[in-house]
Amino acid sequence: MKYVLMFATDPGAQSDVDPQVAQAVYGRIYEWFGTNAASITDNGAELLGAETATTIRSGGVVVDGPFAEAKEVIGGFTVIDVPDLDAALALAKSWPALELPGVCVEVRPMVVDYSQFE
Amino acid sequence: MTTPSSSDDALAGVLREQSGRLVMRLSRVFGDFALAEDAVQSAVVEALVAWRRDGVPPNPAGWLSLAARRNALDAVRRSNRSTSLPEDWSPTTEASEPTLGSTTDDRLGLLFACCHPALAIEVRIALTLRAVTGLTTAQVARAFLVNEATLAQRIVRAKRKIATVGIALDVPERDALPARLADVRTVIYACYNEAFVSTTGTQDRSLGADAVWLADLVAHAFPTDSESWGLAALLATQHARAAARFSHSGDLVQLRDQDRSRWDSELLQRGRDHLDRAAALRRPGPLQLQAAIAAVHGEAATWDDTDWLQIVGLYEALLRLDPSPVVRLNRAVALAEYLPARPALALAELDRIAEPLANYHPYHAARAELLRRLNRADEAEASDLVALRLTANDAERRLLRSRLRRHTLDE
């Protein structure tokens with residue numbers, strides 16, 4: 001089954017993190033993609049900060065900022081292909097940035113059966 | 001309180017044995033868990049009506065199986081899907097059915113799915129009771145004092161999540177097993193605790209017995225897991241006292257005042273046997289220690305015969321594994337029983353854990369008891385009133401009220 005892992009952070013909670021620690025975690029994130037290459041599809045992206053976001057609301061109104069005023073902002077996502085939710089959760093739990101404060105990973109299955117929309 | 005009649009008990013036994021198996025079999029045949037679970041649930045509701053009216057049929061498993069299959073087929077026809085209807089479906093294959101708790105017992109996979117941490121905790125309990133042990137939504141709703149329509153909605157959502165997000169109807173892989181097994185134990189324990197305090201609970205089925213049965217199923221399936229035996233021991237021992245926990249008028253009777261001749265000696269023995277199996281594995285854990293504490297109570301012929309020193313020691317050991325304020329409270333209460341002349345000692349410990357337990361009514365009830373022993377009646381009454389304010393359960397409220405009345409009259 002295909003799942004999207006959405007990586008989010010609370011920038012406020014990360015201001016105290018030692019830059020060296022952050023750098024080390026970043027290195028492990030790189031390794032993580034290598035180690036789990038078999039489960040990771042080519043789809044995914046790392047995003048620039050929420051301050052760069054522009055949102056279009058219903059009716060075509062253009063506004064500055066991300067769609068939700070939440071503490072956490074989405075920093076990127078990746079699409080994985082694994083047998084079941086347990087495998088997806090195990091992979092998400094191993095996301096190296098979870099060692100840092102204010103980090104979370106949301107796991108959601110992707111729609112693959114479009115017959116329900118017919 | 002109405003206790004379940006013996007015919008209802010027999011009926012519950014059949015439903016317990018068959019429901020989970022049928023859900024799994026129909027899920028495989030129709031490739032649709034939600035549909036299968038609904039079909040079995042409707043069959044259970046039909047069985048409750050028909051079997052009470054006409055008596056339990058000679059082959060109850062076959063009866064239930066046919067009814068569930070018919071419901072599943074009707075649902076497929078109604079939904080007008082292009083699914084080809086299964087032809088090779090035989091109603092029962094009793095001979096090949098695995099025995100309780102064997103690793104080939106596919107009900108375990110169902111249990112793990114229903115207790116999955118991706119589902120909300122309240123719905124895990126409800127879904128487990130419905131899908132695995134064959135309770136009706138109405139029975140679950142009555143037992144937990146929740147609105148039936150709301151509960152039904154939540155069950156629908158949870159089942160949809162199981163099907164769509166890829167929660168496997170399977171025993172987890174070796175790496176994930178210990179954590180998931182702990183999740184399953186938590187759900188079963190929570191089932192029992194809900195049943196334990198409830199008098200207003202379901203009147204045609206003993207939820208406590210269902211939880212005991214589930215704990216047995218898990219312990220037998222994972223015989224090298226000491227905490228699963230610990231849970232089975234704990235629930236058997238606590239459930240052995242179930243009949244004595246309520247007076248004939250439905251009032252809660254504290255352990256101290258229970259008629260111990262009404263304790264179920266067979267269940268107490270089963271609890272001891274389970275505890276022996278756990279102990280042989282030499283991996284102590286919080287559930288085993290709680291079971292051991294319950295067993296010490298179970299062995300005392302009277303309240304005064306209770307081996308309080310051993311209980312205090314067991315709480316000490318539990319505290320090392322689980323240093324929570326609730327365990328400290330229980331240890332303090334046991335200490336007060338062991339050293340009846342020195343209630344101030346226990347009260348001092350209670351003062352140290354006042355903050356985290358501010359909203360925990362047993363804390364205030366225990367505090368009232370100690371204050372009374374120190375002849376501080378006004379403070380005792382104030383503590384009992386706080387406990388009363390914090391208790392939602394009717395039986396517990398009646399107990400606290402009667403204590404308040406008794407002491408007011410004494411003065």
# chains A, B, ... in the order shown; residues from 1 in each chain; ligands from 1
$ select_by_dssp --residues "range 19-52 of chain A" --states "strand (DSSP E or B)" --output "PyMOL selection string"
chain A and resi 40-46
$ interface_residues --of "chain B" --to "chain A" --cutoff "12 Å" --atoms "only C-alpha atoms" --output "number ranges by chain"
B: 81-82, 112-113, 116-119, 161-177, 179-180
$ write_last_selection --atoms "N, CA and C atoms" --output "CSV table (one decimal), in the first residue's frame"
chain,number,residue,atom,x,y,z
B,81,ARG,N,-22.9,-4.3,-5.9
B,81,ARG,CA,-21.5,-4.2,-6.4
B,81,ARG,C,-21.3,-5.4,-7.4
B,82,SER,N,-20.3,-5.2,-8.2
B,82,SER,CA,-20.0,-6.2,-9.2
B,82,SER,C,-19.3,-7.4,-8.6
B,112,PHE,N,-5.9,-8.1,17.5
B,112,PHE,CA,-4.8,-7.1,17.3
B,112,PHE,C,-5.3,-5.9,16.4
B,113,ALA,N,-6.1,-6.2,15.4
B,113,ALA,CA,-6.6,-5.1,14.6
B,113,ALA,C,-7.5,-4.2,15.4
B,116,HIS,N,-5.7,-1.8,17.7
B,116,HIS,CA,-4.5,-1.1,17.0
B,116,HIS,C,-4.5,0.4,17.6
B,117,PRO,N,-3.2,0.8,17.9
B,117,PRO,CA,-3.1,2.2,18.4
B,117,PRO,C,-3.5,3.3,17.5
B,118,ALA,N,-3.7,2.9,16.2
B,118,ALA,CA,-4.2,4.0,15.3
B,118,ALA,C,-5.6,4.3,15.4
B,119,LEU,N,-6.3,3.5,16.3
B,119,LEU,CA,-7.8,3.7,16.6
B,119,LEU,C,-7.9,4.4,17.9
B,161,LYS,N,-11.7,2.8,8.9
B,161,LYS,CA,-10.2,3.1,9.0
B,161,LYS,C,-9.4,1.8,8.9
B,162,ILE,N,-9.8,0.8,9.6
B,162,ILE,CA,-9.1,-0.5,9.5
B,162,ILE,C,-9.0,-0.9,8.1
B,163,ALA,N,-10.1,-0.8,7.4
B,163,ALA,CA,-10.1,-1.3,6.0
B,163,ALA,C,-9.3,-0.4,5.1
B,164,THR,N,-9.4,0.9,5.2
B,164,THR,CA,-8.8,1.8,4.2
B,164,THR,C,-7.3,2.1,4.5
B,165,VAL,N,-6.9,2.1,5.8
B,165,VAL,CA,-5.5,2.5,6.0
B,165,VAL,C,-4.6,1.4,6.1
B,166,GLY,N,-5.1,0.2,5.9
B,166,GLY,CA,-4.2,-1.0,5.8
B,166,GLY,C,-3.8,-1.5,7.2
B,167,ILE,N,-4.7,-1.5,8.1
B,167,ILE,CA,-4.4,-2.2,9.4
B,167,ILE,C,-4.7,-3.7,9.1
B,168,ALA,N,-3.6,-4.5,9.3
B,168,ALA,CA,-3.7,-5.9,9.0
B,168,ALA,C,-4.5,-6.7,10.0
B,169,LEU,N,-5.4,-7.7,9.6
B,169,LEU,CA,-6.1,-8.5,10.5
B,169,LEU,C,-5.2,-9.7,10.8
B,170,ASP,N,-4.1,-9.4,11.5
B,170,ASP,CA,-3.0,-10.3,11.6
B,170,ASP,C,-2.3,-10.1,12.9
B,171,VAL,N,-1.6,-11.2,13.4
B,171,VAL,CA,-0.7,-11.0,14.5
B,171,VAL,C,0.5,-10.3,14.0
B,172,PRO,N,1.0,-9.2,14.7
B,172,PRO,CA,2.1,-8.4,14.2
B,172,PRO,C,3.4,-9.2,14.1
B,173,GLU,N,4.3,-8.7,13.3
B,173,GLU,CA,5.6,-9.3,13.2
B,173,GLU,C,6.4,-9.3,14.5
B,174,ARG,N,7.3,-10.1,14.6
B,174,ARG,CA,8.1,-10.3,15.8
B,174,ARG,C,8.6,-9.0,16.5
B,175,ASP,N,9.1,-8.1,15.7
B,175,ASP,CA,9.7,-6.8,16.2
B,175,ASP,C,8.6,-6.0,16.9
B,176,ALA,N,7.4,-6.0,16.2
B,176,ALA,CA,6.4,-5.1,16.7
B,176,ALA,C,5.5,-5.8,17.8
B,177,LEU,N,5.7,-7.1,17.9
B,177,LEU,CA,4.8,-7.8,18.8
B,177,LEU,C,4.7,-7.4,20.2
B,179,ALA,N,5.2,-4.5,21.7
B,179,ALA,CA,4.4,-3.3,21.9
B,179,ALA,C,2.9,-3.5,21.6
B,180,ARG,N,2.6,-4.2,20.6
B,180,ARG,CA,1.2,-4.4,20.2
B,180,ARG,C,0.5,-5.3,21.2
$ closest_residue --among "B:Ala215, B:Ala295, B:Leu35, B:Ala190" --to "Ala240 in chain B" --atoms "only C-alpha atoms"
B:Ala295
$ closest_residue --among "B:Arg405, B:His274, B:Arg154, B:Arg25" --to "Glu122 in chain B" --atoms "only C-alpha atoms"
B:Arg154
$ select_by_dssp --residues "chain A" --states "alpha helix (DSSP H)" --output "PyMOL selection string"
chain A and resi 19-35+85-93
$ residues_around --residues "range 63-80 of chain A" --least-positions-apart "5" --cutoff "6 Å" --atoms "only C-alpha atoms" --output "PyMOL selection string"
chain A and resi 2-10+39-41+43-47+53-55
$ atom_distance --atom1 "CA of Pro362 in chain B" --atom2 "CA of Leu214 in chain B"
27.5 Å
$ residues_around --residues "range 399-403 of chain B" --least-positions-apart "3" --cutoff "8 Å" --atoms "only C-alpha atoms" --output "mmCIF file with N, CA and C atoms, in the first residue's frame"
data_model
loop_
_atom_site.group_PDB
_atom_site.id
_atom_site.type_symbol
_atom_site.label_atom_id
_atom_site.label_comp_id
_atom_site.auth_asym_id
_atom_site.auth_seq_id
_atom_site.Cartn_x
_atom_site.Cartn_y
_atom_site.Cartn_z
ATOM 1 N N ASP B 251 -25.960 -2.063 46.013
ATOM 2 C CA ASP B 251 -24.966 -1.138 46.552
ATOM 3 C C ASP B 251 -23.583 -1.772 46.522
ATOM 4 N N LEU B 252 -22.589 -0.918 46.304
ATOM 5 C CA LEU B 252 -21.206 -1.363 46.248
ATOM 6 C C LEU B 252 -20.762 -1.791 47.649
ATOM 7 N N VAL B 253 -20.137 -2.938 47.760
ATOM 8 C CA VAL B 253 -19.620 -3.410 49.041
ATOM 9 C C VAL B 253 -18.097 -3.413 48.958
ATOM 10 N N ALA B 365 -11.193 9.747 49.122
ATOM 11 C CA ALA B 365 -11.903 8.782 49.974
ATOM 12 C C ALA B 365 -10.925 8.130 50.959
ATOM 13 N N ASP B 384 -14.413 13.504 52.007
ATOM 14 C CA ASP B 384 -15.455 12.656 51.423
ATOM 15 C C ASP B 384 -16.321 13.446 50.448
ATOM 16 N N ALA B 387 -14.475 13.754 47.262
ATOM 17 C CA ALA B 387 -14.545 12.477 46.556
ATOM 18 C C ALA B 387 -15.898 12.334 45.859
ATOM 19 N N LEU B 388 -16.951 12.684 46.577
ATOM 20 C CA LEU B 388 -18.307 12.574 46.032
ATOM 21 C C LEU B 388 -18.464 13.449 44.789
ATOM 22 N N ALA B 395 -22.939 3.801 41.813
ATOM 23 C CA ALA B 395 -22.704 2.889 42.939
ATOM 24 C C ALA B 395 -21.665 3.478 43.888
ATOM 25 N N GLU B 396 -20.629 4.076 43.327
ATOM 26 C CA GLU B 396 -19.604 4.664 44.175
ATOM 27 C C GLU B 396 -20.138 5.880 44.925
ATOM 28 N N ARG B 406 -23.536 7.961 57.798
ATOM 29 C CA ARG B 406 -23.217 7.168 58.984
ATOM 30 C C ARG B 406 -22.394 7.991 59.972
ATOM 31 N N HIS B 407 -21.403 8.681 59.451
ATOM 32 C CA HIS B 407 -20.521 9.421 60.347
ATOM 33 C C HIS B 407 -21.184 10.669 60.905
#
